[in-house]
Every structure is written in C-alpha cells, then in structure tokens.
$ cat work.csv   # CSV, C-alpha atoms and all ligand atoms
chain,number,residue,atom,x,y,z
N,24,MET,CA,37.3,81.6,-0.9
N,25,THR,CA,39.0,80.0,2.1
N,26,LEU,CA,38.0,81.6,5.4
N,27,LEU,CA,40.7,81.4,8.1
N,28,PRO,CA,41.7,83.4,11.1
N,29,CYS,CA,43.8,86.3,9.8
N,30,PRO,CA,45.7,88.3,12.5
N,31,VAL,CA,45.4,91.9,11.5
N,32,ASP,CA,48.9,92.9,12.9
N,33,SER,CA,50.7,90.5,10.5
N,34,LEU,CA,48.4,91.5,7.6
N,35,PHE,CA,49.5,95.1,8.3
N,36,ASP,CA,53.2,94.2,8.4
N,37,ASP,CA,52.9,92.5,5.0
N,38,ALA,CA,50.9,95.3,3.6
N,39,ASP,CA,53.4,97.9,5.0
N,40,ALA,CA,56.3,96.1,3.3
N,41,LEU,CA,54.6,95.7,0.0
N,42,LEU,CA,52.8,99.1,-0.3
N,43,THR,CA,55.3,101.5,1.3
N,44,PRO,CA,57.5,101.7,-1.9
N,45,ILE,CA,54.4,102.8,-3.8
N,46,ALA,CA,53.7,105.6,-1.3
N,47,GLU,CA,57.3,106.6,-1.1
N,48,ALA,CA,57.5,107.0,-4.8
N,49,LYS,CA,55.1,109.9,-4.3
N,50,GLN,CA,56.5,111.1,-1.0
N,51,ILE,CA,53.4,110.1,0.8
N,52,ALA,CA,53.7,108.9,4.4
N,53,LEU,CA,51.9,105.5,4.7
N,54,CYS,CA,51.2,104.7,8.4
N,55,PHE,CA,49.7,101.5,9.7
N,56,THR,CA,48.3,102.0,13.2
N,57,PRO,CA,49.5,99.1,15.4
N,58,VAL,CA,46.7,96.8,16.5
N,59,GLU,CA,46.8,93.9,19.0
N,60,GLY,CA,44.7,90.9,19.2
N,61,LEU,CA,42.4,91.6,16.3
N,62,VAL,CA,41.7,88.6,14.1
N,63,ALA,CA,39.6,88.8,11.0
N,64,HIS,CA,37.8,85.7,9.7
N,65,ALA,CA,38.7,86.1,6.1
N,66,ASP,CA,40.3,84.8,2.9
N,67,GLN,CA,43.8,86.2,3.5
N,68,LYS,CA,44.7,86.9,-0.2
N,69,ARG,CA,41.4,88.6,-0.9
N,70,LEU,CA,41.6,90.7,2.3
N,71,TYR,CA,45.1,91.8,1.2
N,72,GLN,CA,43.7,92.6,-2.2
N,73,VAL,CA,41.1,94.9,-0.7
N,74,ILE,CA,43.6,96.7,1.5
N,75,ALA,CA,46.0,97.1,-1.4
N,76,ASN,CA,43.2,98.5,-3.6
N,77,LEU,CA,42.2,101.1,-1.1
N,78,VAL,CA,45.8,102.1,-0.3
N,79,VAL,CA,46.6,102.4,-4.0
N,80,ASN,CA,43.6,104.6,-4.6
N,81,ALA,CA,44.4,106.7,-1.6
N,82,VAL,CA,48.0,107.3,-2.9
N,83,LYS,CA,46.7,107.9,-6.4
N,84,PHE,CA,44.2,110.6,-5.3
N,85,THR,CA,46.5,112.3,-2.8
N,86,PRO,CA,49.2,114.9,-3.9
N,87,GLU,CA,52.9,114.5,-3.1
N,88,GLY,CA,53.7,115.1,0.5
N,89,GLY,CA,50.3,113.8,1.7
N,90,ARG,CA,49.5,111.1,4.2
N,91,VAL,CA,47.6,107.8,4.3
N,92,ASP,CA,46.6,106.0,7.5
N,93,VAL,CA,45.5,102.5,7.8
N,94,ALA,CA,43.8,101.3,11.0
N,95,ALA,CA,41.5,98.6,12.3
N,96,GLU,CA,39.4,98.3,15.4
N,97,LEU,CA,36.7,96.2,16.9
N,98,ASP,CA,33.4,97.6,15.6
N,99,SER,CA,31.4,98.9,18.5
N,100,GLN,CA,28.1,99.1,16.6
N,101,SER,CA,28.2,95.3,16.1
N,102,SER,CA,29.1,94.6,19.7
N,103,GLY,CA,32.4,93.2,18.7
N,104,ARG,CA,31.2,90.8,16.0
N,105,LEU,CA,33.0,92.7,13.3
N,106,VAL,CA,36.4,94.2,12.7
N,107,ARG,CA,36.2,97.7,11.1
N,108,PHE,CA,39.1,98.6,8.8
N,109,SER,CA,39.8,102.2,7.6
N,110,VAL,CA,42.1,103.8,5.1
N,111,THR,CA,42.2,107.6,5.4
N,112,ASP,CA,43.9,110.1,3.1
N,113,ASN,CA,44.2,113.8,3.0
N,114,GLY,CA,44.0,114.1,-0.7
N,115,ALA,CA,41.5,115.3,-3.3
N,116,GLY,CA,38.3,114.0,-1.7
N,117,MET,CA,35.0,113.8,-3.5
N,118,SER,CA,31.7,115.5,-3.7
N,119,GLU,CA,28.5,113.8,-2.5
N,120,ASP,CA,27.5,113.1,-6.1
N,121,HIS,CA,30.9,111.6,-7.0
N,122,LEU,CA,30.8,109.5,-3.8
N,123,SER,CA,27.4,108.0,-4.8
N,124,HIS,CA,29.0,106.3,-7.9
N,125,ILE,CA,32.3,105.0,-6.7
N,126,PHE,CA,31.2,101.4,-6.2
N,127,GLU,CA,29.7,101.1,-9.6
N,128,ARG,CA,31.4,98.9,-12.2
N,129,TYR,CA,33.7,100.9,-14.6
N,130,TRP,CA,32.9,104.2,-12.9
N,131,ARG,CA,36.0,106.4,-12.4
N,132,VAL,CA,37.4,109.9,-12.8
N,133,ARG,CA,39.4,110.4,-15.8
N,134,GLU,CA,41.5,113.5,-15.0
N,135,ALA,CA,45.0,112.5,-13.9
N,136,ASN,CA,43.8,108.9,-13.9
N,137,PRO,CA,44.3,107.7,-17.5
N,138,LYS,CA,45.0,104.0,-16.5
N,139,GLY,CA,42.1,103.7,-14.1
N,140,THR,CA,39.6,101.0,-14.9
N,141,GLY,CA,36.9,101.9,-12.4
N,142,LEU,CA,36.9,98.2,-11.3
N,143,GLY,CA,38.9,98.3,-8.1
N,144,LEU,CA,36.1,99.4,-5.7
N,145,TYR,CA,33.5,97.3,-7.5
N,146,ILE,CA,35.7,94.2,-6.9
N,147,ALA,CA,36.5,95.3,-3.3
N,148,ARG,CA,32.8,95.6,-2.6
N,149,GLY,CA,32.2,92.1,-4.0
N,150,VAL,CA,35.0,90.6,-1.8
N,151,VAL,CA,33.8,92.4,1.4
N,152,GLU,CA,30.2,91.5,0.8
N,153,ALA,CA,31.1,87.8,0.1
N,154,HIS,CA,32.6,87.8,3.6
N,155,GLY,CA,29.3,89.2,5.1
N,156,GLY,CA,30.9,92.7,5.6
N,157,THR,CA,30.1,96.2,4.4
N,158,ILE,CA,32.2,98.8,2.6
N,159,TRP,CA,31.5,102.5,2.5
N,160,ALA,CA,33.2,105.9,2.2
N,161,GLU,CA,33.2,109.3,3.8
N,162,SER,CA,34.8,112.2,1.9
N,163,GLU,CA,35.1,115.9,1.7
N,164,LEU,CA,36.1,117.6,-1.5
N,165,GLY,CA,39.6,119.1,-1.1
N,166,ARG,CA,40.1,117.5,2.3
N,167,GLY,CA,40.3,113.8,1.9
N,168,THR,CA,38.6,110.5,2.1
N,169,THR,CA,38.2,107.6,4.5
N,170,MET,CA,37.2,104.2,3.1
N,171,TYR,CA,35.8,101.8,5.7
N,172,PHE,CA,35.0,98.1,5.5
N,173,THR,CA,34.0,95.5,8.0
N,174,LEU,CA,34.7,91.8,8.2
N,175,PRO,CA,33.7,89.1,10.8
N,176,HIS,CA,35.9,89.0,13.9
N,177,ALA,CA,37.3,85.5,14.3
N,178,ASP,CA,37.5,85.6,18.1
N,179,SER,CA,33.9,86.5,18.6
N,180,LEU,CA,32.9,83.6,16.3
N,181,ILE,CA,34.9,81.2,18.4
N,182,ASN,CA,33.4,82.6,21.6
N,183,ALA,CA,29.9,82.4,20.2
N,184,GLN,CA,30.4,78.7,19.3
N,185,GLY,CA,32.2,77.7,22.6
N,201,LIG,N1,40.8,107.8,-1.9
N,201,LIG,C1,40.1,108.3,-2.9
N,201,LIG,N2,40.1,109.7,-3.1
N,201,LIG,C2,39.4,110.3,-4.1
N,201,LIG,N3,38.7,109.6,-5.0
N,201,LIG,C3,38.7,108.2,-4.9
N,201,LIG,C4,39.4,107.5,-3.9
N,201,LIG,N4,39.2,106.2,-4.0
N,201,LIG,C5,38.4,106.1,-5.1
N,201,LIG,N5,38.1,107.3,-5.6
N,201,LIG,C6,37.2,107.5,-6.8
N,201,LIG,O1,36.5,106.4,-7.1
N,201,LIG,C7,36.7,106.0,-8.4
N,201,LIG,C8,36.6,104.5,-8.5
N,201,LIG,O2,37.7,103.9,-7.9
N,201,LIG,P1,38.3,102.5,-8.5
N,201,LIG,O3,37.1,101.6,-8.6
N,201,LIG,O4,39.4,102.0,-7.6
N,201,LIG,O5,38.7,102.9,-9.9
N,201,LIG,P2,40.1,103.4,-10.5
N,201,LIG,O6,41.1,103.4,-9.4
N,201,LIG,O7,40.4,102.5,-11.6
N,201,LIG,O8,39.8,104.8,-11.0
N,201,LIG,C9,38.0,106.6,-8.8
N,201,LIG,O9,38.1,106.8,-10.2
N,201,LIG,C10,37.9,107.9,-8.0
N,201,LIG,O10,37.1,108.9,-8.7
N,202,MG,MG,41.5,101.9,-8.0
$ encode --input "work.csv" --output "structure tokens" --more "lines below"
Ligand SMILES: Nc1ncnc2c1ncn2[C@@H]1O[C@H](COP(=O)(O)OP(=O)(O)O)[C@@H](O)[C@H]1O
Ligand SMILES: [Mg+2]
Amino acid sequence: MTLLPCPVDSLFDDADALLTPIAEAKQIALCFTPVEGLVAHADQKRLYQVIANLVVNAVKFTPEGGRVDVAAELDSQSSGRLVRFSVTDNGAGMSEDHLSHIFERYWRVREANPKGTGLGLYIARGVVEAHGGTIWAESELGRGTTMYFTLPHADSLINAQG
C-alpha cells in the first residue's frame, strides 16, 4: 500500500468516466457531487477499488431508472481529520438484520445476484481499515442505501506536522 495525497475531484472524474457506462447500461443516473480542495491520504488504486465496489453494488441493487449519488465532505465529527465519502442509491435497501451481515466474508443475497461472491464489502472494509478509516451503511428496506467510509484527510496531516 502506497499512501499519497489523492485529490478527490480527480478521483471522482476518473470514477465518473469508468463507471458511468455501467450505470447507463441500466438507465441509472450516476452523479458525482463536485468537491473542491479535498485531498485523501490514500493508496489511489485501492481507494478507486472501494468506490467502484460501492457504486457497482448500488447499481446492482437499484432498479432501472434509479439514481446513485457519490459525494465527499470533510468529516465534522473528526474536526477535519477525515474525509467522509458516501454512495447513496434509491434501490432495494436492506432490513436491519440484513445490514448486520453485509461486511462478512462470502455473505450475500442470492436473488437476482447469481454472480455475487459476497467478497466486495469484506475487501472494501479491509482496505478502509488498513488506512485507519471506518466503513458503515445506513439503509431502509424498499427505499435505498447509503454506504459511508472515512479516510485520513491529507491537508490536516500536513497542517498537524507543520
Ligand atoms: N447498495 C446496496 N443495496 C442493497 N443491498 C446491498 C447494497 N450493497 C450491498 N448490499 C448487500 O450486501 C451484500 C454483500 O455485498 P458484496 O460484499 O459486495 O457482495 P456481492 O456484491 O458479491 O453480493 C450483497 O449481496 C447485498 O445483499
Ligand atoms: Mg459487490
């Protein structure tokens, strides 16, 4: 893992270009909220892998015509030490019980998901936690899901050192 400053706006541009065709194939609007001046301290490839994982899940569990929003902001609860990313969909959602299992290895729903491995979120959690971040989900059955994760904010590290 190589940790470097990763500007979130260019990460979002790359993710937009690479993931929009996947969303469009299902007539899902994929929207990246513009961010300015946010810089994650992360391994760029792994950060991309996490975002891609969450967006692919959001598209998979959202019906045609739905919407997926990707955003990032300075995490207020950590007084700016962390960047908090979010991926929100208006798809199938999950019950409380379902939600409590999603980060487990090999756990997955099988209906309409024959090729799922149940590894995506398990791996995403490993990547996020290796950076010192946290990943969690909020969801409502039939209404949609928001996946959140935090990563160190590069600017606050620089300021803390200088
Ligand atoms: N955005 C989402 N909406 C609804 N359910 C989700 C969403 N993301 C993940 N899940 C649930 O979490 C399970 C685990 O996800 P994941 O580890 O990526 O496995 P897979 O995509 O192979 O099924 C999925 O099978 C699904 O039940
Ligand atoms: Mg997945």
$ atom_distance --input "work.csv" --atom1 "atom CA of Val132 of chain N" --atom2 "atom N2 of ligand LIG 201 (chain N)"
10.1 Å
$ atom_distance --input "work.csv" --atom1 "atom CA of Val91 of chain N" --atom2 "atom CA of Asp37 of chain N"
16.2 Å
$ atom_distance --input "work.csv" --atom1 "atom CA of Leu164 of chain N" --atom2 "atom CA of Thr43 of chain N"
25.2 Å
$ residues_around --input "work.csv" --residues "Leu122 of chain N" --least-positions-apart "3" --cutoff "8 Å" --atoms "all atoms listed in the file" --output "VMD selection string"
chain N and resid 117 to 119 125 160 to 162
$ closest_residue --input "work.csv" --among "N:Gly89, N:His64, N:Pro30, N:Phe35" --to "Thr111 of chain N" --atoms "all atoms listed in the file"
N:Gly89
